[in-house]
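Q: Data: data_31.cif, mmCIF, C-alpha atoms and all ligand atoms.
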```cif
data_protein
#
loop_
_atom_site.label_atom_id
_atom_site.label_comp_id
_atom_site.auth_asym_id
_atom_site.auth_seq_id
_atom_site.Cartn_x
_atom_site.Cartn_y
_atom_site.Cartn_z
CA MET A 1 47.46 41.81 64.76
CA PRO A 2 45.03 38.90 64.51
CA SER A 3 47.00 35.80 63.72
CA SER A 4 44.77 32.74 63.54
CA PRO A 5 41.45 31.60 62.03
CA ASP A 6 39.77 31.38 65.42
CA GLN A 7 40.23 35.11 65.86
CA ILE A 8 38.81 35.87 62.43
CA PHE A 9 36.30 33.25 61.37
CA ARG A 10 32.77 32.97 62.78
CA PRO A 11 32.55 30.78 65.90
CA GLU A 12 29.77 28.64 64.36
CA ILE A 13 32.06 27.83 61.41
CA LEU A 14 34.92 26.92 63.75
CA ALA A 15 32.52 24.63 65.61
CA LEU A 16 31.40 22.73 62.47
CA SER A 17 32.87 19.39 61.55
CA ALA A 18 33.46 19.10 57.80
CA TYR A 19 31.11 16.95 55.70
CA HIS A 20 33.00 13.69 55.71
CA VAL A 21 33.53 11.80 52.44
CA PRO A 22 35.41 8.56 53.22
CA PRO A 23 38.09 7.35 50.80
CA ALA A 24 36.61 4.70 48.49
CA THR A 25 39.31 3.71 46.02
CA GLY A 26 38.97 0.02 45.23
CA MET A 27 35.89 -0.38 47.42
CA VAL A 28 32.45 -1.70 46.55
CA LYS A 29 30.92 1.74 46.93
CA LEU A 30 27.42 1.55 48.37
CA ASP A 31 27.47 4.66 50.56
CA ALA A 32 26.50 7.65 48.42
CA MET A 33 23.35 6.78 46.45
CA GLU A 34 25.12 6.76 43.13
CA ASN A 35 23.69 4.91 40.15
CA PRO A 36 26.08 1.95 39.65
CA TYR A 37 25.58 1.72 35.89
CA SER A 38 27.53 3.58 33.23
CA LEU A 39 26.10 4.89 29.97
CA PRO A 40 25.98 2.71 26.82
CA SER A 41 29.15 2.90 24.77
CA GLU A 42 27.48 4.59 21.75
CA LEU A 43 26.34 7.43 23.97
CA ARG A 44 29.78 7.64 25.58
CA ASP A 45 31.25 7.97 22.08
CA GLU A 46 28.88 10.86 21.39
CA ILE A 47 29.99 12.47 24.66
CA ALA A 48 33.63 12.03 23.67
CA LEU A 49 32.88 13.91 20.45
CA LEU A 50 31.20 16.69 22.43
CA ALA A 51 34.29 16.94 24.62
CA THR A 52 36.53 17.17 21.55
CA CYS A 53 34.60 20.12 20.17
CA ALA A 54 33.62 21.84 23.43
CA PRO A 55 34.63 25.51 23.59
CA ILE A 56 36.33 25.25 26.96
CA ASN A 57 38.32 28.41 26.35
CA ARG A 58 35.01 30.26 26.69
CA TYR A 59 32.79 30.75 29.71
CA PRO A 60 29.63 28.65 29.64
CA ASP A 61 26.26 30.07 28.58
CA PRO A 62 25.25 31.76 31.86
CA SER A 63 21.57 31.13 31.16
CA ALA A 64 22.14 27.53 29.99
CA ALA A 65 19.20 28.02 27.66
CA LEU A 66 19.53 24.76 25.69
CA LEU A 67 19.97 22.65 28.80
CA LYS A 68 17.01 24.29 30.50
CA ALA A 69 14.82 23.61 27.47
CA ALA A 70 15.87 19.95 27.55
CA LEU A 71 15.15 19.74 31.29
CA ARG A 72 11.77 21.42 30.87
CA GLU A 73 10.74 18.72 28.45
CA ALA A 74 12.35 15.73 30.18
CA LEU A 75 10.96 16.60 33.62
CA ALA A 76 7.59 17.89 32.38
CA VAL A 77 8.03 21.24 34.11
CA PRO A 78 4.62 22.96 34.10
CA ASP A 79 4.15 25.94 31.77
CA GLY A 80 4.59 29.22 33.58
CA MET A 81 7.16 27.84 36.05
CA ASP A 82 10.79 28.95 35.89
CA ILE A 83 13.92 26.83 36.29
CA MET A 84 17.11 27.76 38.15
CA LEU A 85 20.20 25.56 37.79
CA GLY A 86 22.73 24.78 40.50
CA ASN A 87 26.11 23.09 40.74
CA GLY A 88 24.29 20.16 42.30
CA SER A 89 21.18 20.79 44.37
CA ASP A 90 23.48 21.43 47.34
CA GLU A 91 24.29 24.77 45.76
CA ILE A 92 20.60 25.55 45.35
CA ILE A 93 19.97 24.89 49.04
CA GLN A 94 22.78 27.34 49.77
CA ILE A 95 21.37 30.00 47.43
CA ILE A 96 17.94 29.73 49.07
CA ALA A 97 19.45 29.95 52.56
CA LEU A 98 21.54 33.00 51.63
CA ALA A 99 18.44 34.73 50.31
CA CYS A 100 16.45 33.93 53.46
CA ALA A 101 19.15 34.81 55.99
CA ARG A 102 17.69 37.93 57.55
CA PRO A 103 18.81 38.43 61.17
CA GLU A 104 17.08 35.79 63.35
CA ALA A 105 15.67 33.92 60.33
CA VAL A 106 15.12 30.18 60.81
CA LEU A 107 15.54 27.28 58.38
CA MET A 108 13.38 24.31 59.36
CA SER A 109 13.48 20.65 58.46
CA VAL A 110 12.75 17.29 60.03
CA GLU A 111 15.17 15.05 61.92
CA PRO A 112 16.67 12.82 60.73
CA ALA A 113 16.98 14.50 57.32
CA PHE A 114 19.63 15.35 54.76
CA VAL A 115 22.47 16.80 56.87
CA MET A 116 23.22 19.60 54.41
CA PHE A 117 20.00 21.40 55.42
CA ARG A 118 21.37 21.98 58.90
CA MET A 119 24.93 22.64 57.76
CA ILE A 120 23.92 25.17 55.12
CA ALA A 121 21.70 27.00 57.62
CA THR A 122 24.90 27.49 59.63
CA PHE A 123 26.91 28.54 56.55
CA ALA A 124 24.33 31.24 55.88
CA GLY A 125 24.14 32.41 59.49
CA MET A 126 20.55 31.21 59.91
CA GLY A 127 18.98 29.55 62.90
CA TYR A 128 18.01 25.90 62.44
CA ALA A 129 14.99 24.03 63.80
CA GLY A 130 14.77 20.27 63.23
CA VAL A 131 11.46 18.64 64.12
CA PRO A 132 11.82 14.95 65.03
CA LEU A 133 9.99 12.40 62.89
CA LYS A 134 7.88 9.74 64.58
CA ALA A 135 9.56 6.42 65.41
CA ASP A 136 8.27 4.94 62.11
CA PHE A 137 9.88 7.92 60.29
CA SER A 138 6.54 9.45 59.33
CA LEU A 139 5.96 13.19 59.67
CA ASP A 140 4.78 14.36 63.09
CA VAL A 141 2.34 16.89 61.67
CA ASP A 142 1.19 18.28 65.02
CA ALA A 143 4.80 18.83 66.11
CA MET A 144 5.58 20.42 62.73
CA LEU A 145 2.62 22.81 62.93
CA ALA A 146 3.53 23.77 66.51
CA ALA A 147 7.17 24.36 65.52
CA ILE A 148 6.07 26.45 62.54
CA ALA A 149 3.91 28.60 64.84
CA GLN A 150 6.79 28.96 67.28
CA HIS A 151 9.73 29.59 64.93
CA GLN A 152 7.99 31.22 61.94
CA PRO A 153 10.60 29.65 59.61
CA ALA A 154 11.62 31.61 56.54
CA VAL A 155 12.10 28.32 54.72
CA ILE A 156 11.22 24.66 55.31
CA PHE A 157 13.05 21.86 53.48
CA ILE A 158 11.32 18.50 53.10
CA ALA A 159 12.99 15.69 51.17
CA TYR A 160 10.43 13.53 49.31
CA PRO A 161 11.46 10.66 49.60
CA ASN A 162 13.44 11.44 52.73
CA ASN A 163 17.16 10.78 53.16
CA PRO A 164 18.42 8.88 55.20
CA THR A 165 15.16 7.05 55.95
CA GLY A 166 14.06 6.35 52.35
CA ASN A 167 10.32 6.75 52.89
CA LEU A 168 7.85 9.08 51.20
CA PHE A 169 5.99 11.24 53.69
CA ASP A 170 2.23 11.46 53.50
CA ALA A 171 1.45 13.97 50.74
CA SER A 172 -1.55 15.47 52.54
CA ALA A 173 0.65 16.04 55.62
CA ILE A 174 3.13 17.96 53.48
CA SER A 175 0.26 19.96 51.99
CA ARG A 176 -0.88 20.97 55.47
CA ILE A 177 2.66 22.13 56.23
CA ILE A 178 2.80 24.17 53.01
CA GLU A 179 -0.56 25.74 53.88
CA SER A 180 0.61 26.64 57.41
CA ALA A 181 4.08 27.90 56.51
CA PRO A 182 4.68 31.66 56.71
CA GLY A 183 7.64 31.32 54.28
CA VAL A 184 8.67 29.10 51.41
CA VAL A 185 8.56 25.32 51.46
CA VAL A 186 11.12 23.49 49.32
CA VAL A 187 10.19 19.92 48.44
CA ASP A 188 13.49 18.21 47.63
CA GLU A 189 12.87 15.40 45.16
CA ALA A 190 16.45 14.14 44.88
CA TYR A 191 15.16 10.52 44.71
CA HIS A 192 12.29 11.17 42.32
CA ALA A 193 13.63 8.65 39.78
CA PHE A 194 12.89 5.83 42.23
CA ALA A 195 9.54 7.03 43.60
CA ASP A 196 6.17 7.26 41.95
CA ALA A 197 5.18 10.55 43.52
CA SER A 198 5.94 14.23 43.04
CA PHE A 199 4.81 17.70 44.06
CA MET A 200 5.45 19.04 40.53
CA ASP A 201 1.72 19.26 39.84
CA LYS A 202 1.12 21.14 43.13
CA LEU A 203 3.28 24.11 42.09
CA ALA A 204 0.31 25.85 40.49
CA GLN A 205 -1.74 25.41 43.65
CA TYR A 206 0.72 26.78 46.25
CA SER A 207 2.39 30.15 45.77
CA ASN A 208 5.00 29.39 48.49
CA LEU A 209 6.10 26.00 47.09
CA LEU A 210 9.44 25.41 45.36
CA LEU A 211 10.50 22.04 43.96
CA MET A 212 14.08 20.79 43.75
CA ARG A 213 15.49 17.95 41.64
CA THR A 214 18.98 16.67 40.86
CA LEU A 215 20.50 14.44 38.20
CA SER A 216 22.96 13.04 40.76
CA LYS A 217 21.04 10.06 42.10
CA SER A 218 19.66 9.01 38.72
CA GLY A 219 23.06 8.59 37.09
CA LEU A 220 25.00 11.82 36.57
CA ALA A 221 26.47 12.51 40.01
CA GLY A 222 29.83 13.49 38.52
CA LEU A 223 28.34 16.27 36.41
CA ARG A 224 26.96 18.24 39.39
CA LEU A 225 23.60 19.45 38.16
CA GLY A 226 20.60 20.31 40.29
CA LEU A 227 17.57 22.41 39.53
CA LEU A 228 14.88 24.40 41.24
CA VAL A 229 11.42 24.79 39.74
CA GLY A 230 9.01 27.48 40.82
CA ARG A 231 7.32 30.79 40.21
CA ARG A 232 9.21 33.63 38.60
CA GLU A 233 8.59 35.92 41.61
CA TRP A 234 10.84 33.66 43.74
CA LEU A 235 13.30 32.44 41.12
CA SER A 236 14.09 35.86 39.65
CA GLN A 237 15.27 36.94 43.11
CA LEU A 238 17.26 33.75 43.74
CA GLU A 239 18.93 34.13 40.32
CA LYS A 240 20.69 37.24 41.68
CA LEU A 241 22.56 35.02 44.15
CA ARG A 242 23.53 32.37 41.62
CA LEU A 243 27.15 32.82 40.52
CA PRO A 244 26.98 33.50 36.77
CA TYR A 245 28.97 30.49 35.52
CA ASN A 246 28.01 27.93 38.14
CA VAL A 247 27.18 25.23 35.57
CA GLY A 248 30.21 24.47 33.39
CA VAL A 249 30.47 23.94 29.65
CA MET A 250 30.94 20.17 29.92
CA THR A 251 28.05 19.74 32.35
CA GLN A 252 25.72 21.70 30.08
CA LEU A 253 26.72 19.78 26.96
CA ILE A 254 26.70 16.31 28.48
CA ALA A 255 23.51 16.69 30.49
CA GLU A 256 21.66 18.04 27.46
CA LYS A 257 22.92 15.12 25.37
CA VAL A 258 21.93 12.47 27.92
CA LEU A 259 18.49 14.03 28.37
CA ARG A 260 17.85 13.40 24.67
CA TYR A 261 17.83 9.68 25.47
CA PRO A 262 15.48 9.63 28.47
CA ASP A 263 14.96 5.87 28.20
CA ILE A 264 18.53 5.11 29.24
CA LEU A 265 18.39 6.56 32.76
CA LEU A 266 14.78 5.44 33.03
CA GLN A 267 15.70 1.81 32.31
CA GLN A 268 18.56 2.00 34.81
CA ALA A 269 16.15 3.30 37.46
CA VAL A 270 13.82 0.39 36.69
CA ALA A 271 16.70 -2.05 37.15
CA ILE A 272 17.63 -0.39 40.44
CA LYS A 273 14.04 -0.61 41.68
CA ILE A 274 13.88 -4.31 40.84
CA GLU A 275 17.15 -4.89 42.70
CA ARG A 276 15.88 -2.78 45.60
CA ALA A 277 12.90 -5.10 46.04
CA ALA A 278 15.05 -8.23 45.85
CA MET A 279 17.61 -6.84 48.24
CA SER A 280 15.03 -5.67 50.80
CA GLU A 281 13.57 -9.14 50.77
CA ARG A 282 16.93 -10.87 51.22
CA LEU A 283 17.93 -8.44 53.98
CA ALA A 284 14.64 -8.98 55.81
CA ALA A 285 15.19 -12.74 55.66
CA LEU A 286 18.40 -12.40 57.70
CA ASP A 287 18.11 -12.86 61.45
CA GLY A 288 18.50 -9.77 63.53
CA ILE A 289 17.65 -7.21 60.87
CA ASP A 290 14.71 -4.84 60.56
CA VAL A 291 14.36 -3.39 57.07
CA PHE A 292 12.51 -0.11 56.58
CA PRO A 293 10.33 0.53 53.54
CA THR A 294 12.01 2.61 50.84
CA ASP A 295 11.04 4.62 47.78
CA ALA A 296 14.64 5.67 47.09
CA ASN A 297 17.74 3.92 45.70
CA PHE A 298 18.95 2.96 49.16
CA ILE A 299 17.76 0.82 52.04
CA LEU A 300 17.83 1.71 55.72
CA PHE A 301 18.03 -1.20 58.14
CA ARG A 302 18.52 -1.75 61.85
CA LEU A 303 20.48 -4.45 63.64
CA THR A 304 18.32 -5.83 66.43
CA GLN A 305 20.12 -8.75 68.06
CA GLY A 306 22.99 -7.22 69.94
CA ASN A 307 25.14 -6.63 66.88
CA GLU A 308 26.66 -3.19 67.02
CA ALA A 309 26.08 -1.26 63.78
CA SER A 310 29.46 0.47 64.09
CA GLN A 311 31.25 -2.88 64.35
CA VAL A 312 29.38 -4.41 61.44
CA PHE A 313 30.07 -1.28 59.39
CA GLN A 314 33.76 -1.52 60.22
CA ARG A 315 34.01 -5.21 59.35
CA LEU A 316 32.27 -4.67 56.02
CA LYS A 317 34.74 -1.90 55.32
CA GLU A 318 37.65 -4.20 56.07
CA ARG A 319 36.17 -6.55 53.47
CA GLY A 320 36.10 -3.73 50.93
CA ILE A 321 32.43 -2.84 51.17
CA LEU A 322 31.54 0.74 51.97
CA ILE A 323 28.05 1.57 53.27
CA LYS A 324 26.88 4.33 55.62
CA ASN A 325 26.85 4.03 59.39
CA LEU A 326 24.03 6.12 60.87
CA ASP A 327 24.36 4.91 64.45
CA GLY A 328 24.93 7.91 66.69
CA SER A 329 23.73 10.45 64.12
CA HIS A 330 20.23 10.65 65.62
CA PRO A 331 18.43 8.78 68.45
CA LEU A 332 15.86 7.41 65.97
CA LEU A 333 18.70 5.85 63.95
CA LYS A 334 20.17 3.79 66.74
CA ASN A 335 22.00 0.76 65.30
CA CYS A 336 20.97 1.73 61.78
CA LEU A 337 22.96 1.30 58.57
CA ARG A 338 22.15 2.56 55.09
CA VAL A 339 23.11 0.76 51.91
CA THR A 340 22.81 2.12 48.38
CA VAL A 341 21.36 -0.32 45.84
CA GLY A 342 24.22 -1.30 43.54
CA THR A 343 24.54 -3.81 40.72
CA PRO A 344 23.26 -7.35 41.42
CA HIS A 345 26.89 -8.46 41.84
CA GLU A 346 27.75 -5.67 44.30
CA ASN A 347 24.57 -6.32 46.26
CA ALA A 348 25.38 -10.03 46.49
CA GLN A 349 28.87 -9.17 47.76
CA PHE A 350 27.36 -6.88 50.39
CA LEU A 351 24.75 -9.43 51.50
CA GLY A 352 27.32 -12.20 51.69
CA ALA A 353 29.69 -10.13 53.78
CA LEU A 354 26.88 -8.93 56.04
CA GLN A 355 25.62 -12.45 56.62
CA ALA A 356 29.13 -13.59 57.53
CA ARG A 357 29.42 -10.79 60.11
CA LEU A 358 26.08 -11.12 61.90
C1 LIG A 401 21.99 13.69 47.57
C2 LIG A 401 20.98 14.69 48.01
C3 LIG A 401 21.02 16.02 47.57
C4 LIG A 401 22.20 16.63 46.87
O1 LIG A 401 22.36 16.29 45.61
P1 LIG A 401 23.35 17.02 44.62
O2 LIG A 401 22.47 17.47 43.53
O3 LIG A 401 24.31 15.96 44.22
O4 LIG A 401 24.02 18.19 45.32
C5 LIG A 401 19.99 16.88 47.93
N1 LIG A 401 18.99 16.45 48.72
C6 LIG A 401 18.93 15.20 49.18
C7 LIG A 401 17.80 14.80 50.06
C8 LIG A 401 19.93 14.29 48.86
O5 LIG A 401 19.89 13.05 49.38
#
```
Let's see the structure in the file written out as structure tokens.
Ligand SMILES: *Cc1c(COP(=O)(O)O)cnc(C)c1O
A:
Amino acid sequence: MPSSPDQIFRPEILALSAYHVPPATGMVKLDAMENPYSLPSELRDEIALLATCAPINRYPDPSAALLKAALREALAVPDGMDIMLGNGSDEIIQIIALACARPEAVLMSVEPAFVMFRMIATFAGMGYAGVPLKADFSLDVDAMLAAIAQHQPAVIFIAYPNNPTGNLFDASAISRIIESAPGVVVVDEAYHAFADASFMDKLAQYSNLLLMRTLSKSGLAGLRLGLLVGRREWLSQLEKLRLPYNVGVMTQLIAEKVLRYPDILLQQAVAIKIERAAMSERLAALDGIDVFPTDANFILFRLTQGNEASQVFQRLKERGILIKNLDGSHPLLKNCLRVTVGTPHENAQFLGALQARL
């Protein structure tokens, strides 16, 4: 009789290390690209009323028709394109990978990129090919095109802007990749609220392009709502893999309500962008720090004067400030740390603590 997981579970699952979420109670939390601002109290009162009346004894609307209509308008989804909802965009990545996972199929992305691309490829039993970015974190188009020719990936994920580097890749380089790809290309616009660029208007042009968004980074991380936009021929197939009630009653009601006041999250994104500029400038003024350009709500920086990123990270943590240590996660990220843009007060706390530790 088999008696333990290692005799039953797939070896590649046994070999994974779990996605690590550090405990953050009581910390200044600048590690997960959350929007630091809460909603205005009048809107929170309206949400409380929704919660009072919500039919939580019933399953949610499996098609989430009202929410999708609100998203279509708020995000200016082009006519003729469908929407599929996920329990966060993480779930959408997983649905796409499951659909693509023929024997030997490959999921491709760049390195460094969002770690869930690689992890979910493994969950789905797919091969993974990660093409290194150049040292300035731009796309290495020649290497990408060669890797596409070699691996014939079923799906390519490109985050635009990229996480953890924060930059927007060159749009014409991404277009060349879409044109050369034998499979689908998913442009992941998780940080769209903080960037002035999108592939939404390219959906009509490319039949193998899918576009992913999430409400997480713009202020509703706790709701878990992501969406995929694309042609019906792709989305009607992916819908078969979506679990019928993946987006709960409360998420549908609250997201639809908040989307009726688009200015609120928009104004918060504006405030975050202003803080991002100020913070980048103050970071760059510190000795021993290289700051990378960012179009997202976080800033990647490198320690250059013998300070060890892991030590600085640890000392900040001891002072109650949680950021992300990227040292050791990829050769291009040597001595790099990533900080989410918080409130002006949180950012000042972070900068003060960092300065004291350099
Ligand atoms: C945060 C992030 C996601 C996941 O967002 P959820 O919708 O919260 O699951 C997807 N892609 C990238 C690039 C991210 O940084």
Q: Using all atoms listed in the file, which protein or nucleic acid residues are at most 7 Å from ligand LIG 401 (chain A), as a ChimeraX atom specification?
A: /A:88-91,114,159,162-163,188-190,214-217,221,224-226
Q: Excluding segment 53-59 of chain A and residues on its chain fewer than 4 positions from it, collect all residues at most 9 Å away from it, counting all atoms listed in the file, and give them as a ChimeraX atom specification.
A: /A:48-49,245,248-250,253
Q: In Å, with one decimal, what is the gap from atom CA of Ile254 of chain A to atom CA of Gly222 of chain A?
A: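 Going from atom CA of Ile254 of chain A over to atom CA of Gly222 of chain A, I get 10.9 Å.
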Q: Which one is closest to Glu308 of chain A: A:Thr165, A:Gln349, A:Leu358, A:Ile274? Count all atoms listed in the file.
A: A:Leu358
Q: A:Met144, A:Ile323, A:Leu71, A:Leu241: which is nearest Leu98 of chain A, counting only C-alpha atoms?
A: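 Of the candidates, the smallest distance to Leu98 of chain A is held by A:Leu241.
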Q: Using all atoms listed in the file for the distances, tell me which of A:Val115, A:Leu145, A:Ala296, A:Leu354 is nearest to Gln314 of chain A.
A: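 Closest residue, counting all atoms listed in the file: A:Leu354.
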Q: Show which residues sit within 6 Å of segment 299-304 of chain A, as a PyMOL selection string. Count only C-alpha atoms, and ignore same-chain residues fewer than 4 positions away.
A: chain A and resi 165+288-292+335-339
Q: Find the distance between atom CA of Asp287 of chain A and atom CA of Gly352 of chain A and write it in Å to one decimal.
A: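 Atom CA of Gly352 of chain A lies at a distance of 13.4 Å from atom CA of Asp287 of chain A.
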